[in-house]
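K.L.:
Got a structure for you, written out below as structure tokens; questions coming shortly.
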Amino acid sequence: MTRTYDLAVFGSGFAGSLIAMIAKRQGYSVVLLERGKHPRVVIGESSTPLANLLLEELATRYDLPAIRPLAKWGSWQRAYPQVACGLKRGFTFYHHELSIEDMPDPDHRRQLLVAASPHDEIADTHWYRADFDALLVKEAQLLGVDYLDEVQLANFIEGESEVSFEGTRAGEKLSYRARFVVDATGPRSFLYRALHIPELSLPNYPATQALYSHFSGVGRPESIRSHEAYEKPPYPPEDAAVHHVFDGGWIWVLRFNNGITSAGVAATEDASTRLNLSEGEQAWYSLLKLIPSLREQFATARAVQPFTFIPQLTFMSGQVTGRRWAMLPSSAGFVDPLLSTGFPLTLLGVSRLAEILAGDWNSERFQMELQSYAHQTMSELLATARLIAALYVNMNNFPVFKSLSLLYFVAASYSETARRLNKPYLAKSFLLHDHPVFDVTSRALIDRAMRLVSDEESAHLSQEILRAIEPFDVAGLSNPDRRSWYPVVAEDLLRSAEKVESNRAEIEALLQSCGFYHSR
């Protein structure tokens with residue numbers, strides 16, 4: 001028997017389950033097919049303010065009350081205390097020279113701390129994907145989505161009015177038809193392979209590799225390099241997405257509240273070869289020996305998952321949509337986890353695709369909207385790659401690395417503010433990449449950062465970045481007096497009201513409504 005649905009979703013990670021739930025809420029028949037089985041461990045774990053806002057918007061617009069509490073640390077803990085996650089108050093960066101002991105750093109020259117929330121209640125989270133993805137699959141089933149796991153898909157055929165495909169499960173042959181298919185199976189996805197789609201290279205981007213695992217027993221440094229005695233950081237530095245940056249690569253450390261810590265390293269191919277990352281666990285502990293502070297932190301740690309080595313980290317599909325199918329951004333491409341860009345990129349794609357399915361499926365505009373979706377998806381991936389390529393080039397030029405990072409944080413905070421003010425037209429794209437001023441300026445600055453040859457050029461570029469971001473800065477990121485520690489301060493946003501076509505009264509109302517002044 002051939003089963004027929006309005007929508008088939010391949011892949012039951014959080015995004016696949018989310019688009020399946022949204023389609024079901026719109027009255028469509030939906031099947032969600034998964035190659036593996038939940039719970040399962042995957043990476044892609046660190047959320048951001050923009051990602052959480054997008055999740056909240058989707059939950060509100062498409063009547064998904066079970067999902068809404070997951071948009072903030074406080075509401076998550078009250079609604080789902082059994083679902084593991086980590087507290088993320090911001091982004092913490094440390095710069096290291098391998099094999100050299102870290103020295104006191106009172107001027108924060110080797111640090112960058114960017115707060116994302118003023119307190120824990122409305123903080124971001126690290127998603128422990130084994131629990132998080134399983135929860136969303138369960139919620140999709142409760143809404144009436146048909147779900148099958150351990151399905152091996154094959155024989156995908158795209159027709160004028162529907163697609164057909166087959167699969168097997170426990171030795172049984174399955175046959176399906178659907179009016180539309182969403183591929184949420186991740187980089188080098190099922191449709192990429194089934195349709196023999198070519199892979200595109202990311203312009204000027206270095207070849208990168210990664211090695212990672214999950215650990216128990218990771219220590220927690222309680223001070224930021226011994227300077228809290230007279231200067232308090234904007235948040236506990238370990239309650240964050242922690243990045244340890246070195247020449248050619250970086251290490252992430254993400255803590256969950258179940259005693260597990262996600263940690264891994266991403267590096268250029270040259271650095272990976274020097275560090276022998278392909279050797280797995282042995283390479284990981286050899287790398288820790290080169291960074292004394294991390295060696296101490298992981299002294300009693302134990303890997304609770306096998307180490308995974310990824311020989312090619314980046315990916316971009318040569319095609320994102322067809323007549324009757326679309327890839328989510330997480331399947332269309334992947335750049336790097338350095339700035340936690342994966343979640344907002346994917347959730348923007350879910351939001352756009354949901355609007356197309358809701359308003360244009362049966363209209364003459366459908367194909368045009370799909371093409372627009374494909375163009376936006378690829379453009380945002382390329383914009384992300386441009387910035388991260390420049391960050392890799394400058395990992396051993398930390399002043400420039402920090403300045404370039406501010407391009408991301410300014411664009412993200414501006415976009416979040418515009419959306420919270422119900423003015424999304426001010427920030428239509430990720431990283432403001434299609435903004436007529438910000439895009440042109442940031443491209444020029446990133447291009448210069450790729451070919452710096454002197455300390456003087458580096459200093460000039462850092463100053464120019466501060467001047468360039470000021471018209472879009474609603475978070476005090478262009479204030480040099482902050483010395484690389486950036487708290488969340490209400491007055492920064494209040495003073496910036498005109499930048500987002502607003503006034504102080506509107507900003508004050510926004511701060512009240514989003515829980516900024518929550519008593520601790």
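By convention here, the chains of the structure tokens are called A, B, ... in the order presented, each chain's residues are numbered starting at 1, and ligands are numbered starting at 1 in the order presented.
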Let's see if you can do this: from backbone DSSP, list all strand (DSSP E) residues in range 28-274 of chain A, as a VMD selection string.

P.N.:
chain A and resid 30 to 33 85 to 88 90 to 95 111 to 115 124 to 127 146 to 148 152 to 158 163 to 169 172 to 183 208 to 216 241 to 246 249 to 255 260 to 268

K.L.:
List every residue of range 75-189 of chain A that has an atom at most 12 Å from any atom of range 208-221 of chain A, giving for each one its closest atom pair and the distance in Å to one decimal, counting only C-alpha atoms, sorted by chain and then by ascending residue number, as a tab-separated table.

P.N.:
residue	atom	partner	partner_atom	distance
A:Tyr128	CA	A:His214	CA	10.5
A:Arg129	CA	A:His214	CA	11.7
A:Ala130	CA	A:His214	CA	11.7

K.L.:
Nearest to Leu191 in chain A among A:Gly159, A:Gly171, A:Gly318, A:Gly144, with distances taken over only C-alpha atoms: which residue is it?

P.N.:
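Result for the nearest residue to Leu191 in chain A: A:Gly318.
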
K.L.:
Pick out the closest residue to Asp63 in chain A from this set: A:Ser286, A:Ser496, A:Gln26, A:Thr92. Count only C-alpha atoms.

P.N.:
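Closest to Asp63 in chain A, using only C-alpha atoms: A:Gln26.
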
K.L.:
Smallest atom-to-atom distance to Arg35 in chain A: which of A:Thr308, A:Gln82, A:Thr185, A:Gln463, using only C-alpha atoms?

P.N.:
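Closest residue, counting only C-alpha atoms: A:Thr185.
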
K.L.:
Can you pull out every residue within 7 Å of range 64-76 of chain A, counting only C-alpha atoms, but drop anything in the same chain fewer than 4 positions away, and send it as a VMD selection string?

P.N.:
chain A and resid 52 to 53 55 to 56 59 to 60 80 to 81 87 120 to 125

K.L.:
List the spatial neighbours of Val151 in chain A as a list of chain:residue names - criterion: any atom at most 7 Å away, only C-alpha atoms, same-chain residues fewer than 4 positions off excluded.

P.N.:
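With the cut-off at 7 Å, the set is A:Leu33, A:Glu34, A:Arg35, A:Gly167, A:Thr168, A:Arg169.
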
K.L.:
What gap, in Å, lies between CA of Ser29 in chain A and CA of Ser372 in chain A?

P.N.:
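Separation of CA of Ser29 in chain A and CA of Ser372 in chain A: 25.1 Å.
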
K.L.:
Residues near range 420-425 of chain A, anyone? I mean within 12 Å using only C-alpha atoms, not counting same-chain ones fewer than 4 positions away, as a PyMOL selection string.

P.N.:
chain A and resi 49-50+52-54+56-57+413-416+429-430+432+434-435+497+499-503+505-514

K.L.:
Go ahead and write the residues just picked, N, CA and C atoms, as an mmCIF file, in the first residue's frame.

P.N.:
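Once written, result20.cif looks like this:
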data_model
loop_
_atom_site.group_PDB
_atom_site.id
_atom_site.type_symbol
_atom_site.label_atom_id
_atom_site.label_comp_id
_atom_site.auth_asym_id
_atom_site.auth_seq_id
_atom_site.Cartn_x
_atom_site.Cartn_y
_atom_site.Cartn_z
ATOM 1 N N PRO A 49 20.093 34.611 21.618
ATOM 2 C CA PRO A 49 18.869 35.403 21.795
ATOM 3 C C PRO A 49 17.982 35.428 20.555
ATOM 4 N N LEU A 50 18.576 35.570 19.368
ATOM 5 C CA LEU A 50 17.764 35.607 18.156
ATOM 6 C C LEU A 50 17.105 34.252 17.907
ATOM 7 N N ASN A 52 16.254 32.003 20.155
ATOM 8 C CA ASN A 52 15.183 31.821 21.127
ATOM 9 C C ASN A 52 13.973 32.685 20.796
ATOM 10 N N LEU A 53 14.220 33.891 20.303
ATOM 11 C CA LEU A 53 13.104 34.744 19.894
ATOM 12 C C LEU A 53 12.352 34.115 18.730
ATOM 13 N N LEU A 54 13.064 33.578 17.763
ATOM 14 C CA LEU A 54 12.417 32.917 16.621
ATOM 15 C C LEU A 54 11.607 31.710 17.083
ATOM 16 N N GLU A 56 10.245 31.339 20.015
ATOM 17 C CA GLU A 56 9.084 31.897 20.697
ATOM 18 C C GLU A 56 8.047 32.403 19.694
ATOM 19 N N GLU A 57 8.484 33.082 18.643
ATOM 20 C CA GLU A 57 7.566 33.576 17.620
ATOM 21 C C GLU A 57 6.826 32.436 16.931
ATOM 22 N N SER A 413 22.106 41.543 17.753
ATOM 23 C CA SER A 413 21.339 42.299 18.746
ATOM 24 C C SER A 413 20.416 43.313 18.082
ATOM 25 N N TYR A 414 20.856 43.916 16.979
ATOM 26 C CA TYR A 414 19.995 44.837 16.235
ATOM 27 C C TYR A 414 18.782 44.090 15.678
ATOM 28 N N SER A 415 19.020 42.905 15.108
ATOM 29 C CA SER A 415 17.924 42.123 14.535
ATOM 30 C C SER A 415 16.931 41.689 15.603
ATOM 31 N N GLU A 416 17.451 41.248 16.738
ATOM 32 C CA GLU A 416 16.561 40.828 17.821
ATOM 33 C C GLU A 416 15.694 41.996 18.282
ATOM 34 N N SER A 429 17.335 40.056 7.111
ATOM 35 C CA SER A 429 18.211 38.917 6.852
ATOM 36 C C SER A 429 19.201 38.722 7.990
ATOM 37 N N PHE A 430 19.733 37.503 8.055
ATOM 38 C CA PHE A 430 20.736 37.175 9.054
ATOM 39 C C PHE A 430 22.009 37.976 8.794
ATOM 40 N N LEU A 432 22.345 40.991 8.819
ATOM 41 C CA LEU A 432 22.007 42.206 8.047
ATOM 42 C C LEU A 432 22.696 42.184 6.681
ATOM 43 N N ASP A 434 21.752 41.871 3.707
ATOM 44 C CA ASP A 434 21.188 42.598 2.574
ATOM 45 C C ASP A 434 20.865 44.045 2.924
ATOM 46 N N HIS A 435 21.365 44.532 4.082
ATOM 47 C CA HIS A 435 21.165 45.932 4.452
ATOM 48 C C HIS A 435 22.071 46.792 3.568
ATOM 49 N N ALA A 497 17.354 54.212 20.840
ATOM 50 C CA ALA A 497 15.978 54.051 20.354
ATOM 51 C C ALA A 497 15.819 54.502 18.908
ATOM 52 N N LYS A 499 17.857 54.415 16.514
ATOM 53 C CA LYS A 499 18.486 53.512 15.547
ATOM 54 C C LYS A 499 17.517 52.437 15.062
ATOM 55 N N VAL A 500 16.508 52.160 15.888
ATOM 56 C CA VAL A 500 15.503 51.160 15.518
ATOM 57 C C VAL A 500 14.129 51.823 15.364
ATOM 58 N N GLU A 501 14.159 53.095 14.913
ATOM 59 C CA GLU A 501 12.937 53.844 14.611
ATOM 60 C C GLU A 501 11.947 53.794 15.772
ATOM 61 N N SER A 502 12.468 54.078 16.965
ATOM 62 C CA SER A 502 11.651 53.964 18.158
ATOM 63 C C SER A 502 11.917 55.157 19.067
ATOM 64 N N ASN A 503 11.339 55.130 20.266
ATOM 65 C CA ASN A 503 11.606 56.164 21.262
ATOM 66 C C ASN A 503 11.795 55.486 22.616
ATOM 67 N N ALA A 505 10.128 55.575 25.360
ATOM 68 C CA ALA A 505 8.934 54.965 25.964
ATOM 69 C C ALA A 505 8.673 53.576 25.370
ATOM 70 N N GLU A 506 8.848 53.452 24.058
ATOM 71 C CA GLU A 506 8.641 52.146 23.425
ATOM 72 C C GLU A 506 9.695 51.145 23.878
ATOM 73 N N ILE A 507 10.926 51.604 24.008
ATOM 74 C CA ILE A 507 11.986 50.711 24.462
ATOM 75 C C ILE A 507 11.746 50.292 25.908
ATOM 76 N N GLU A 508 11.314 51.221 26.738
ATOM 77 C CA GLU A 508 11.025 50.886 28.134
ATOM 78 C C GLU A 508 9.909 49.848 28.220
ATOM 79 N N ALA A 509 8.896 49.991 27.384
ATOM 80 C CA ALA A 509 7.814 49.001 27.360
ATOM 81 C C ALA A 509 8.333 47.638 26.903
ATOM 82 N N LEU A 510 9.237 47.651 25.943
ATOM 83 C CA LEU A 510 9.834 46.405 25.472
ATOM 84 C C LEU A 510 10.609 45.722 26.587
ATOM 85 N N LEU A 511 11.419 46.470 27.312
ATOM 86 C CA LEU A 511 12.207 45.907 28.398
ATOM 87 C C LEU A 511 11.301 45.301 29.471
ATOM 88 N N GLN A 512 10.204 45.979 29.759
ATOM 89 C CA GLN A 512 9.258 45.450 30.746
ATOM 90 C C GLN A 512 8.634 44.150 30.257
ATOM 91 N N SER A 513 8.209 44.131 29.005
ATOM 92 C CA SER A 513 7.473 42.970 28.485
ATOM 93 C C SER A 513 8.347 41.730 28.337
ATOM 94 N N CYS A 514 9.635 41.913 28.072
ATOM 95 C CA CYS A 514 10.502 40.743 27.855
ATOM 96 C C CYS A 514 11.147 40.235 29.136
#
